[in-house]
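J.: The following file, run_12.cif, comprises mmCIF, C-alpha atoms:
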```cif
data_query
loop_
_atom_site.label_atom_id
_atom_site.label_comp_id
_atom_site.auth_asym_id
_atom_site.auth_seq_id
_atom_site.Cartn_x
_atom_site.Cartn_y
_atom_site.Cartn_z
CA MET A 21 -16.42 -10.71 -9.35
CA ILE A 22 -14.09 -13.30 -7.86
CA PHE A 23 -11.48 -15.13 -9.90
CA THR A 24 -8.83 -17.60 -8.85
CA VAL A 25 -5.12 -18.05 -9.55
CA GLU A 26 -3.42 -21.42 -9.12
CA THR A 27 0.13 -20.98 -7.92
CA SER A 28 2.64 -23.78 -8.52
CA LYS A 29 5.60 -23.07 -6.22
CA SER A 30 6.24 -22.29 -2.55
CA GLN A 31 7.23 -18.77 -3.55
CA GLU A 32 6.29 -17.26 -6.88
CA VAL A 33 5.72 -13.93 -8.58
CA VAL A 34 2.81 -14.60 -10.93
CA ASN A 35 2.14 -12.08 -13.70
CA ILE A 36 -1.67 -11.85 -13.72
CA THR A 37 -1.96 -8.85 -16.05
CA ASN A 38 -3.59 -10.74 -18.94
CA LEU A 39 -5.94 -12.56 -16.58
CA VAL A 40 -6.93 -9.26 -14.97
CA ARG A 41 -7.52 -7.65 -18.38
CA LEU A 42 -9.73 -10.58 -19.38
CA TYR A 43 -11.97 -10.39 -16.30
CA PHE A 44 -11.88 -6.61 -16.37
CA LYS A 45 -13.37 -6.63 -19.90
CA GLU A 46 -16.09 -9.01 -18.74
CA LEU A 47 -16.86 -6.85 -15.71
CA LEU A 48 -16.86 -3.69 -17.81
CA SER A 49 -19.19 -5.12 -20.44
CA SER A 50 -21.83 -5.81 -17.79
CA SER A 51 -21.58 -2.24 -16.43
CA ASN A 52 -22.28 1.10 -18.07
CA MET A 53 -18.95 2.63 -17.03
CA SER A 54 -16.31 3.89 -19.41
CA GLU A 55 -13.96 5.29 -16.78
CA GLY A 56 -13.20 4.69 -13.12
CA PHE A 57 -10.95 2.52 -10.98
CA LEU A 58 -10.44 -1.20 -11.13
CA VAL A 59 -9.93 -2.37 -7.55
CA LEU A 60 -8.36 -5.74 -6.75
CA TYR A 61 -8.53 -7.26 -3.27
CA ASN A 62 -6.49 -10.20 -1.97
CA PRO A 63 -8.29 -11.99 0.93
CA HIS A 64 -5.17 -13.98 1.97
CA THR A 65 -2.40 -13.44 4.54
CA THR A 66 0.49 -15.24 2.82
CA SER A 67 0.08 -13.70 -0.63
CA SER A 68 -0.09 -10.12 -1.86
CA LEU A 69 -0.74 -7.95 -4.88
CA LEU A 70 1.90 -5.79 -6.55
CA ILE A 71 2.32 -3.56 -9.58
CA ASN A 72 5.89 -3.60 -10.85
CA GLU A 73 8.14 -4.06 -13.89
CA GLY A 74 6.80 -6.88 -16.05
CA SER A 75 8.76 -6.83 -19.30
CA ASP A 76 11.85 -8.51 -17.82
CA ALA A 77 10.86 -11.54 -15.74
CA SER A 78 14.22 -11.48 -13.93
CA VAL A 79 12.98 -8.61 -11.74
CA SER A 80 10.68 -11.17 -10.13
CA LYS A 81 13.63 -13.43 -9.26
CA ASP A 82 15.48 -10.46 -7.78
CA LEU A 83 12.42 -9.64 -5.70
CA ILE A 84 12.15 -13.16 -4.26
CA ASN A 85 15.90 -13.28 -3.55
CA THR A 86 15.84 -9.87 -1.87
CA LEU A 87 12.88 -10.81 0.31
CA ASN A 88 14.51 -14.10 1.30
CA ARG A 89 17.63 -12.17 2.32
CA LEU A 90 15.69 -9.59 4.37
CA ILE A 91 13.17 -12.05 5.85
CA PRO A 92 14.79 -15.52 6.07
CA PHE A 93 12.58 -18.63 5.98
CA HIS A 94 13.33 -19.32 9.63
CA ASN A 95 14.67 -16.93 12.24
CA ASN A 96 13.31 -18.05 15.62
CA TYR A 97 9.87 -16.78 14.63
CA PHE A 98 7.23 -17.45 17.34
CA HIS A 99 4.60 -18.31 14.72
CA ASP A 100 6.74 -21.16 13.38
CA LYS A 101 5.75 -23.18 16.47
CA VAL A 102 2.10 -22.84 15.44
CA ASP A 103 2.35 -22.99 11.67
CA ASN A 104 5.64 -23.14 9.83
CA ASN A 105 5.06 -20.11 7.60
CA ALA A 106 5.88 -17.00 9.66
CA HIS A 107 8.18 -15.74 6.88
CA ALA A 108 5.25 -15.77 4.46
CA HIS A 109 3.05 -13.61 6.72
CA LEU A 110 5.96 -11.21 7.27
CA LYS A 111 6.75 -10.91 3.57
CA SER A 112 3.13 -10.35 2.61
CA SER A 113 2.88 -7.64 5.29
CA LEU A 114 5.26 -5.51 3.27
CA PHE A 115 2.92 -5.46 0.25
CA ASN A 116 -0.64 -4.51 -0.49
CA SER A 117 -3.89 -6.32 0.08
CA ASN A 118 -5.49 -4.13 -2.58
CA LEU A 119 -4.59 -2.36 -5.80
CA MET A 120 -6.42 0.49 -7.51
CA ILE A 121 -5.83 1.07 -11.21
CA PRO A 122 -7.52 3.86 -13.19
CA PHE A 123 -9.22 3.07 -16.49
CA SER A 124 -10.55 5.28 -19.27
CA ASP A 125 -12.32 4.44 -22.54
CA GLY A 126 -12.47 0.87 -21.31
CA ARG A 127 -8.69 0.59 -21.07
CA LEU A 128 -6.57 0.10 -17.93
CA LEU A 129 -4.14 3.01 -17.57
CA LEU A 130 -1.18 0.87 -16.55
CA GLY A 131 2.15 2.47 -17.33
CA THR A 132 4.29 1.16 -20.19
CA TRP A 133 6.37 -1.10 -17.98
CA GLN A 134 3.75 -1.93 -15.35
CA SER A 135 2.37 -5.42 -14.87
CA ILE A 136 0.09 -6.74 -12.13
CA PHE A 137 1.48 -9.54 -9.97
CA LEU A 138 0.20 -11.98 -7.41
CA LEU A 139 2.98 -12.61 -4.88
CA GLU A 140 2.81 -16.16 -3.52
CA PHE A 141 4.79 -16.74 -0.33
CA ASP A 142 3.31 -20.03 0.90
CA GLY A 143 2.23 -22.05 -2.12
CA PRO A 144 1.26 -23.86 -4.09
CA ARG A 145 -2.30 -22.77 -3.37
CA THR A 146 -5.48 -21.62 -5.06
CA ARG A 147 -5.69 -17.86 -4.50
CA LYS A 148 -8.87 -15.82 -4.80
CA ILE A 149 -8.89 -12.23 -6.01
CA TYR A 150 -11.90 -9.92 -5.74
CA MET A 151 -12.41 -7.42 -8.54
CA HIS A 152 -14.69 -4.39 -8.50
CA LEU A 153 -15.18 -1.16 -10.40
CA VAL A 154 -15.36 2.18 -8.59
CA PRO A 155 -16.57 5.32 -10.35
CA TYR A 156 -14.57 8.51 -10.35
CA THR A 157 -15.67 12.04 -11.00
CA ILE A 158 -14.25 13.92 -14.02
CA MET B 18 -6.06 14.87 -14.64
CA ILE B 19 -2.38 14.11 -15.24
CA PHE B 20 0.41 16.27 -13.92
CA THR B 21 4.17 15.82 -14.10
CA VAL B 22 7.03 16.09 -11.64
CA GLU B 23 10.61 16.66 -12.80
CA THR B 24 13.05 14.88 -10.55
CA SER B 25 16.65 16.07 -10.43
CA LYS B 26 18.67 13.29 -8.81
CA SER B 27 19.15 9.54 -9.19
CA GLN B 28 17.33 9.03 -5.89
CA GLU B 29 15.14 11.68 -4.37
CA VAL B 30 12.23 12.11 -2.01
CA VAL B 31 10.22 14.95 -3.57
CA ASN B 32 7.62 16.68 -1.40
CA ILE B 33 4.71 17.18 -3.83
CA THR B 34 2.11 18.28 -1.24
CA ASN B 35 1.79 21.85 -2.52
CA LEU B 36 1.66 20.68 -6.13
CA VAL B 37 -1.03 18.13 -5.26
CA ARG B 38 -3.06 20.78 -3.40
CA LEU B 39 -2.82 23.10 -6.42
CA TYR B 40 -4.10 20.52 -8.92
CA PHE B 41 -6.62 19.19 -6.41
CA LYS B 42 -8.21 22.65 -6.16
CA GLU B 43 -8.39 22.84 -9.94
CA LEU B 44 -9.95 19.39 -10.17
CA LEU B 45 -12.39 20.16 -7.39
CA SER B 46 -13.53 23.44 -8.95
CA SER B 47 -14.57 21.63 -12.13
CA SER B 48 -16.58 19.06 -10.14
CA ASN B 49 -19.60 19.45 -7.88
CA MET B 50 -18.05 17.45 -5.02
CA SER B 51 -17.35 18.82 -1.56
CA GLU B 52 -16.20 15.54 -0.03
CA GLY B 53 -14.69 12.29 -1.20
CA PHE B 54 -11.27 10.78 -1.83
CA LEU B 55 -8.43 12.19 -3.83
CA VAL B 56 -6.72 9.24 -5.52
CA LEU B 57 -3.19 9.51 -6.92
CA TYR B 58 -1.76 6.88 -9.26
CA ASN B 59 1.88 6.44 -10.24
CA PRO B 60 2.26 4.69 -13.65
CA HIS B 61 6.00 4.00 -13.19
CA THR B 62 8.03 1.04 -11.90
CA THR B 63 11.07 2.86 -10.49
CA SER B 64 9.20 5.52 -8.54
CA SER B 65 6.47 5.39 -5.89
CA LEU B 66 4.09 7.49 -3.86
CA LEU B 67 4.28 7.85 -0.08
CA ILE B 68 2.63 9.78 2.72
CA ASN B 69 5.04 10.44 5.57
CA GLU B 70 6.51 13.09 7.88
CA GLY B 71 7.12 16.29 5.94
CA SER B 72 8.01 18.97 8.47
CA ASP B 73 11.60 17.76 8.94
CA ALA B 74 13.25 17.09 5.59
CA SER B 75 15.91 14.92 7.24
CA VAL B 76 13.40 12.04 7.47
CA SER B 77 13.72 11.83 3.69
CA LYS B 78 17.50 11.43 3.92
CA ASP B 79 17.06 8.73 6.55
CA LEU B 80 14.61 6.94 4.25
CA ILE B 81 17.01 6.93 1.29
CA ASN B 82 19.92 5.78 3.49
CA THR B 83 17.82 3.01 5.05
CA LEU B 84 16.64 1.78 1.65
CA ASN B 85 20.19 1.82 0.27
CA ARG B 86 21.29 -0.27 3.27
CA LEU B 87 18.46 -2.82 2.87
CA ILE B 88 18.53 -2.92 -0.93
CA PRO B 89 22.07 -2.09 -2.16
CA PHE B 90 22.57 -0.57 -5.61
CA HIS B 91 24.12 -3.79 -6.88
CA ASN B 92 23.87 -7.24 -5.37
CA ASN B 93 24.17 -9.76 -8.20
CA TYR B 94 20.68 -8.81 -9.37
CA PHE B 95 19.63 -10.68 -12.55
CA HIS B 96 17.91 -7.59 -13.95
CA ASP B 97 21.17 -5.62 -13.86
CA LYS B 98 22.30 -7.59 -16.92
CA VAL B 99 19.28 -6.23 -18.82
CA ASP B 100 19.00 -2.75 -17.39
CA ASN B 101 21.18 -1.47 -14.60
CA ASN B 102 18.37 -0.44 -12.25
CA ALA B 103 17.19 -3.58 -10.42
CA HIS B 104 17.57 -1.82 -7.06
CA ALA B 105 15.11 0.85 -8.19
CA HIS B 106 12.41 -1.71 -9.10
CA LEU B 107 12.97 -3.48 -5.79
CA LYS B 108 12.79 -0.31 -3.73
CA SER B 109 9.64 0.90 -5.48
CA SER B 110 8.04 -2.53 -4.87
CA LEU B 111 8.01 -1.76 -1.16
CA PHE B 112 5.84 1.32 -1.64
CA ASN B 113 2.51 2.18 -3.17
CA SER B 114 1.45 2.77 -6.74
CA ASN B 115 -1.58 4.67 -5.45
CA LEU B 116 -2.60 6.87 -2.54
CA MET B 117 -6.09 7.66 -1.33
CA ILE B 118 -6.64 10.78 0.79
CA PRO B 119 -10.04 11.84 2.13
CA PHE B 120 -11.23 15.41 1.66
CA SER B 121 -14.11 17.35 3.18
CA ASP B 122 -15.33 20.94 2.60
CA GLY B 123 -12.84 21.11 -0.23
CA ARG B 124 -9.86 20.45 2.06
CA LEU B 125 -7.54 17.42 2.06
CA LEU B 126 -7.70 15.69 5.45
CA LEU B 127 -3.95 15.09 5.70
CA GLY B 128 -2.76 14.74 9.30
CA THR B 129 -0.75 17.55 10.91
CA TRP B 130 2.62 16.02 10.07
CA GLN B 131 1.69 14.28 6.82
CA SER B 132 3.11 15.31 3.46
CA ILE B 133 2.77 13.60 0.10
CA PHE B 134 5.98 12.43 -1.55
CA LEU B 135 7.11 11.13 -4.90
CA LEU B 136 9.92 8.64 -4.33
CA GLU B 137 12.39 8.70 -7.22
CA PHE B 138 14.71 5.69 -7.39
CA ASP B 139 16.03 5.96 -10.96
CA GLY B 140 16.15 9.62 -11.90
CA PRO B 141 16.40 12.23 -13.01
CA ARG B 142 13.18 11.70 -14.98
CA THR B 143 9.86 13.29 -15.78
CA ARG B 144 7.25 11.44 -13.72
CA LYS B 145 3.53 11.45 -14.45
CA ILE B 146 0.91 11.26 -11.71
CA TYR B 147 -2.77 10.60 -12.36
CA MET B 148 -5.26 12.35 -10.09
CA HIS B 149 -8.93 11.53 -9.69
CA LEU B 150 -11.76 12.18 -7.27
CA VAL B 151 -13.86 9.33 -5.90
CA PRO B 152 -17.13 9.98 -4.06
CA TYR B 153 -17.83 8.54 -0.66
CA THR B 154 -21.11 8.04 1.10
CA ILE B 155 -21.82 9.94 4.35
CA MET C 14 -16.63 8.96 10.72
CA ILE C 15 -13.55 9.28 12.94
CA PHE C 16 -12.80 6.86 15.75
CA THR C 17 -9.81 6.64 18.06
CA VAL C 18 -7.55 3.86 19.27
CA GLU C 19 -5.53 4.21 22.48
CA THR C 20 -2.22 2.42 22.19
CA SER C 21 -0.41 1.36 25.36
CA LYS C 22 3.18 0.59 24.34
CA SER C 23 6.00 2.23 22.40
CA GLN C 24 5.54 -0.36 19.65
CA GLU C 25 2.40 -2.42 19.33
CA VAL C 26 0.35 -4.33 16.78
CA VAL C 27 -3.25 -3.64 17.81
CA ASN C 28 -5.96 -5.87 16.39
CA ILE C 29 -8.77 -3.39 15.61
CA THR C 30 -10.99 -5.79 13.63
CA ASN C 31 -13.83 -5.87 16.17
CA LEU C 32 -13.67 -2.10 16.63
CA VAL C 33 -13.78 -1.58 12.87
CA ARG C 34 -16.75 -3.97 12.52
CA LEU C 35 -18.60 -2.06 15.25
CA TYR C 36 -18.16 1.35 13.62
CA PHE C 37 -18.69 -0.11 10.16
CA LYS C 38 -22.15 -1.36 11.24
CA GLU C 39 -22.97 2.08 12.59
CA LEU C 40 -21.82 3.78 9.39
CA LEU C 41 -23.68 1.28 7.26
CA SER C 42 -26.95 1.68 9.14
CA SER C 43 -26.96 5.41 8.41
CA SER C 44 -26.37 4.81 4.70
CA ASN C 45 -28.47 3.02 2.09
CA MET C 46 -25.57 0.88 0.84
CA SER C 47 -25.47 -2.89 0.94
CA GLU C 48 -22.19 -3.30 -0.93
CA GLY C 49 -19.10 -1.23 -1.59
CA PHE C 50 -15.70 -0.59 -0.03
CA LEU C 51 -14.89 0.32 3.52
CA VAL C 52 -11.93 2.70 3.40
CA LEU C 53 -9.77 3.38 6.45
CA TYR C 54 -7.32 6.29 6.56
CA ASN C 55 -4.54 6.81 9.10
CA PRO C 56 -3.61 10.54 9.44
CA HIS C 57 -0.38 9.83 11.37
CA THR C 58 3.29 9.42 10.38
CA THR C 59 4.47 7.01 13.10
CA SER C 60 1.62 4.52 12.85
CA SER C 61 0.14 2.53 9.97
CA LEU C 62 -2.69 0.24 8.97
CA LEU C 63 -2.22 -3.40 7.99
CA ILE C 64 -4.29 -6.43 7.08
CA ASN C 65 -2.56 -9.65 8.12
CA GLU C 66 -2.92 -12.96 9.98
CA GLY C 67 -4.95 -12.41 13.15
CA SER C 68 -5.73 -15.86 14.55
CA ASP C 69 -2.24 -16.37 16.04
CA ALA C 70 -1.11 -13.27 17.94
CA SER C 71 2.52 -14.39 17.75
CA VAL C 72 2.69 -13.18 14.12
CA SER C 73 2.49 -9.67 15.56
CA LYS C 74 5.54 -10.29 17.78
CA ASP C 75 7.43 -11.66 14.78
CA LEU C 76 6.52 -8.55 12.81
CA ILE C 77 7.81 -6.16 15.50
CA ASN C 78 11.02 -8.20 15.93
CA THR C 79 11.60 -8.31 12.18
CA LEU C 80 11.07 -4.57 11.80
CA ASN C 81 13.41 -3.84 14.72
CA ARG C 82 16.06 -5.99 13.06
CA LEU C 83 15.67 -4.30 9.65
CA ILE C 84 15.22 -0.76 11.00
CA PRO C 85 17.02 -0.44 14.36
CA PHE C 86 15.83 2.12 16.92
CA HIS C 87 18.95 4.22 16.34
CA ASN C 88 21.33 4.12 13.41
CA ASN C 89 22.79 7.61 13.02
CA TYR C 90 19.45 8.84 11.69
CA PHE C 91 19.48 12.59 10.92
CA HIS C 92 15.95 13.00 12.24
CA ASP C 93 16.98 11.72 15.70
CA LYS C 94 18.66 15.11 16.28
CA VAL C 95 15.28 16.80 15.79
CA ASP C 96 12.93 14.25 17.33
CA ASN C 97 14.07 10.91 18.64
CA ASN C 98 11.71 8.78 16.54
CA ALA C 99 13.25 8.40 13.07
CA HIS C 100 12.85 4.61 13.25
CA ALA C 101 9.08 5.05 13.71
CA HIS C 102 8.73 7.20 10.58
CA LEU C 103 10.84 4.72 8.62
CA LYS C 104 8.87 1.70 9.80
CA SER C 105 5.52 3.31 9.07
CA SER C 106 6.77 4.23 5.56
CA LEU C 107 6.81 0.54 4.71
CA PHE C 108 3.07 0.18 5.39
CA ASN C 109 -0.15 1.75 4.24
CA SER C 110 -1.84 4.98 5.20
CA ASN C 111 -5.11 3.53 3.91
CA LEU C 112 -6.91 0.21 3.58
CA MET C 113 -9.79 -0.66 1.28
CA ILE C 114 -11.96 -3.68 2.16
CA PRO C 115 -14.92 -4.81 0.06
CA PHE C 116 -18.27 -5.51 1.72
CA SER C 117 -21.41 -7.19 0.48
CA ASP C 118 -24.79 -7.79 2.15
CA GLY C 119 -23.56 -5.60 4.98
CA ARG C 120 -20.61 -7.89 5.74
CA LEU C 121 -16.88 -7.14 5.37
CA LEU C 122 -15.31 -9.60 2.92
CA LEU C 123 -12.16 -10.15 4.98
CA GLY C 124 -10.52 -13.50 4.28
CA THR C 125 -10.72 -16.31 6.84
CA TRP C 126 -7.39 -15.46 8.45
CA GLN C 127 -7.38 -11.71 7.88
CA SER C 128 -7.55 -9.20 10.70
CA ILE C 129 -7.15 -5.42 10.58
CA PHE C 130 -4.30 -3.95 12.59
CA LEU C 131 -3.13 -0.57 13.73
CA LEU C 132 0.68 -0.59 13.82
CA GLU C 133 1.98 1.70 16.56
CA PHE C 134 5.66 2.62 16.26
CA ASP C 135 5.89 5.61 18.63
CA GLY C 136 3.36 5.15 21.39
CA PRO C 137 1.61 5.16 23.62
CA ARG C 138 -0.63 7.64 21.83
CA THR C 139 -4.23 8.28 20.89
CA ARG C 140 -4.57 7.43 17.20
CA LYS C 141 -7.37 8.63 14.95
CA ILE C 142 -8.71 6.57 12.07
CA TYR C 143 -11.04 7.93 9.39
CA MET C 144 -13.66 5.57 8.03
CA HIS C 145 -15.70 6.04 4.87
CA LEU C 146 -17.82 3.98 2.50
CA VAL C 147 -17.22 4.06 -1.25
CA PRO C 148 -19.75 2.59 -3.70
CA TYR C 149 -18.76 0.10 -6.33
CA THR C 150 -20.52 -0.89 -9.50
CA ILE C 151 -21.76 -4.46 -9.94
#
```
Could you write out this file's structure as structure tokens?

T.:
Amino acid sequence: MIFTVETSKSQEVVNITNLVRLYFKELLSSSNMSEGFLVLYNPHTTSSLLINEGSDASVSKDLINTLNRLIPFHNNYFHDKVDNNAHAHLKSSLFNSNLMIPFSDGRLLLGTWQSIFLLEFDGPRTRKIYMHLVPYTI
Amino acid sequence: MIFTVETSKSQEVVNITNLVRLYFKELLSSSNMSEGFLVLYNPHTTSSLLINEGSDASVSKDLINTLNRLIPFHNNYFHDKVDNNAHAHLKSSLFNSNLMIPFSDGRLLLGTWQSIFLLEFDGPRTRKIYMHLVPYTI
Amino acid sequence: MIFTVETSKSQEVVNITNLVRLYFKELLSSSNMSEGFLVLYNPHTTSSLLINEGSDASVSKDLINTLNRLIPFHNNYFHDKVDNNAHAHLKSSLFNSNLMIPFSDGRLLLGTWQSIFLLEFDGPRTRKIYMHLVPYTI
């Protein structure tokens, strides 16, 4: 299954947990699995996927600020002569292109404080996310 | 299977390779698999999982020092007004919530120098780790 | 399947997409799968795997420069007294030891701009990469 996320800012930490749960239920209902892994894949090079604290949205601001401090928007990057978004490729390199979350009894086993995020580093854009189920043994 | 790791410091790089091998054997003996992937999942937002050099424990000290330099304990983080552990969420964001290690003939195919670590950034705490086996083809 | 990559510099971002496609086709032809995940595993502690922008090679230079700025070659690392490559372990810690890429109809579902890279931080060396196929449901 492929679903899309519309981002609205140049940089944004989008909590996609509810969206993922929605599509996960749909995917699960068309399978005969009750347990396994939900696998998300991000086919982009200026966005990423992340599992992190979701109950306090200020963590997301701290993340963007920290990344901007470590990887400034411009810093004599070679790629900026080609396309002005080197910082976005560099930031997304530090995160994952896929996530793997176990589920059991039809429920994602996210921890109490865990949410699933799309990290947008060069928006606004329409981002695609691939979603699949993988069986596990026992 | 879920197992727990007791951390003993505020920040700690805990080598869990032997513990993982122990539970992996148990999990394997109750399955009929001889090859596949061992998948570990960390349901927390201030700890992470990492595979890295394990034969010299000083690499772990260098990792903690480097992270403290890049992401200081306090740096006007918004989340510190809610809960005083923004740095721990930020550090754990840079690492994985899951690991996937191939095994064959009942043996984990870790490289010669690879060990499996739990990264604790807001301890001491009791950390849970989920462990599953995923089949592969060929 | 295990294949090797010969790196030629001390630090290098090697585009292995074509190599991976080649071995993936071979692996696929000996299986009966038409869809699933290709999983790559790096058994080393001074190299990593990364999916990132591949059409402009200058992104790779920006990545090496950025990592050298954030994690200098020498910085009173404890591990440098044992083996002079602490920076390489630290850099590789920030990236993945495995990648998981969906495929369908025998084709890897990499995004338009995505390439697969081996990140060498302590070369030149011969690097091994494990490659497996994992089925998915639906």

J.: What are the nearest atom pairs, with distances in Å to one decimal, for all residues of chain B that come at most 10 Å from chain C, using all atoms listed in the file, set out by chain and rising residue number as a Markdown table?

T.:
```
| residue | atom | partner | partner_atom | distance |
| --- | --- | --- | --- | --- |
| B:Gly53 | CA | C:Val147 | CA | 8.6 |
| B:Phe54 | CA | C:Val147 | CA | 9.0 |
| B:Leu67 | CA | C:Ser106 | CA | 7.1 |
| B:Ile68 | CA | C:Ser110 | CA | 7.0 |
| B:Asn69 | CA | C:Thr58 | CA | 5.2 |
| B:Glu70 | CA | C:Thr58 | CA | 5.5 |
| B:Gly71 | CA | C:Thr58 | CA | 9.0 |
| B:Asp73 | CA | C:His92 | CA | 7.2 |
| B:Ala74 | CA | C:His92 | CA | 8.3 |
| B:Ser75 | CA | C:His92 | CA | 5.4 |
| B:Val76 | CA | C:His92 | CA | 5.5 |
| B:Ser77 | CA | C:His92 | CA | 8.9 |
| B:Lys78 | CA | C:Phe91 | CA | 7.4 |
| B:Asp79 | CA | C:Tyr90 | CA | 5.7 |
| B:Leu80 | CA | C:Leu103 | CA | 6.2 |
| B:Ile81 | CA | C:Leu103 | CA | 9.8 |
| B:Asn82 | CA | C:Tyr90 | CA | 8.8 |
| B:Thr83 | CA | C:Ile84 | CA | 7.5 |
| B:Leu84 | CA | C:Leu103 | CA | 9.5 |
| B:Arg86 | CA | C:Leu83 | CA | 9.4 |
| B:Leu87 | CA | C:Leu83 | CA | 7.5 |
| B:Leu111 | CA | C:Leu107 | CA | 6.4 |
| B:Phe112 | CA | C:Leu107 | CA | 6.5 |
| B:Asn113 | CA | C:Asn109 | CA | 7.9 |
| B:Leu116 | CA | C:Asn111 | CA | 7.7 |
| B:Met117 | CA | C:Asn111 | CA | 6.7 |
| B:Ile118 | CA | C:Tyr54 | CA | 7.3 |
| B:Pro119 | CA | C:Tyr54 | CA | 7.6 |
| B:Leu126 | CA | C:Pro56 | CA | 7.7 |
| B:Leu127 | CA | C:Pro56 | CA | 5.9 |
| B:Gly128 | CA | C:Pro56 | CA | 4.3 |
| B:Thr129 | CA | C:Pro56 | CA | 7.7 |
| B:Trp130 | CA | C:Thr58 | CA | 6.6 |
| B:Gln131 | CA | C:Thr58 | CA | 6.2 |
| B:Ser132 | CA | C:Thr58 | CA | 9.1 |
| B:Val151 | CA | C:Val147 | CA | 7.8 |
| B:Pro152 | CA | C:Val147 | CA | 6.6 |
| B:Tyr153 | CA | C:Val147 | CA | 4.6 |
| B:Thr154 | CA | C:Leu146 | CA | 5.4 |
| B:Ile155 | CA | C:Ser44 | CA | 6.9 |
```

J.: Which distance in Å separates atom CA of B:Val37 and atom CA of B:Ser65, to one decimal?

T.: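 A separation of 14.8 Å between them.
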
J.: Could you tell me which residues the PyMOL selection byres ((chain B and resi 36) around 12) returns for this structure, as JSON, numbers by chain?

T.: {"B": [19, 20, 21, 22, 23, 31, 32, 33, 34, 35, 37, 38, 39, 40, 41, 42, 43, 132, 133, 134, 135, 146, 148]}

J.: If you measure from atom CA of A:Leu128 to atom CA of A:Leu69, what distance in Å do you get, rounded to one decimal?

T.: 16.4 Å

J.: Figure out the distance between atom CA of A:Val33 and atom CA of B:Ala105, please, to one decimal in Å.

T.: 17.5 Å
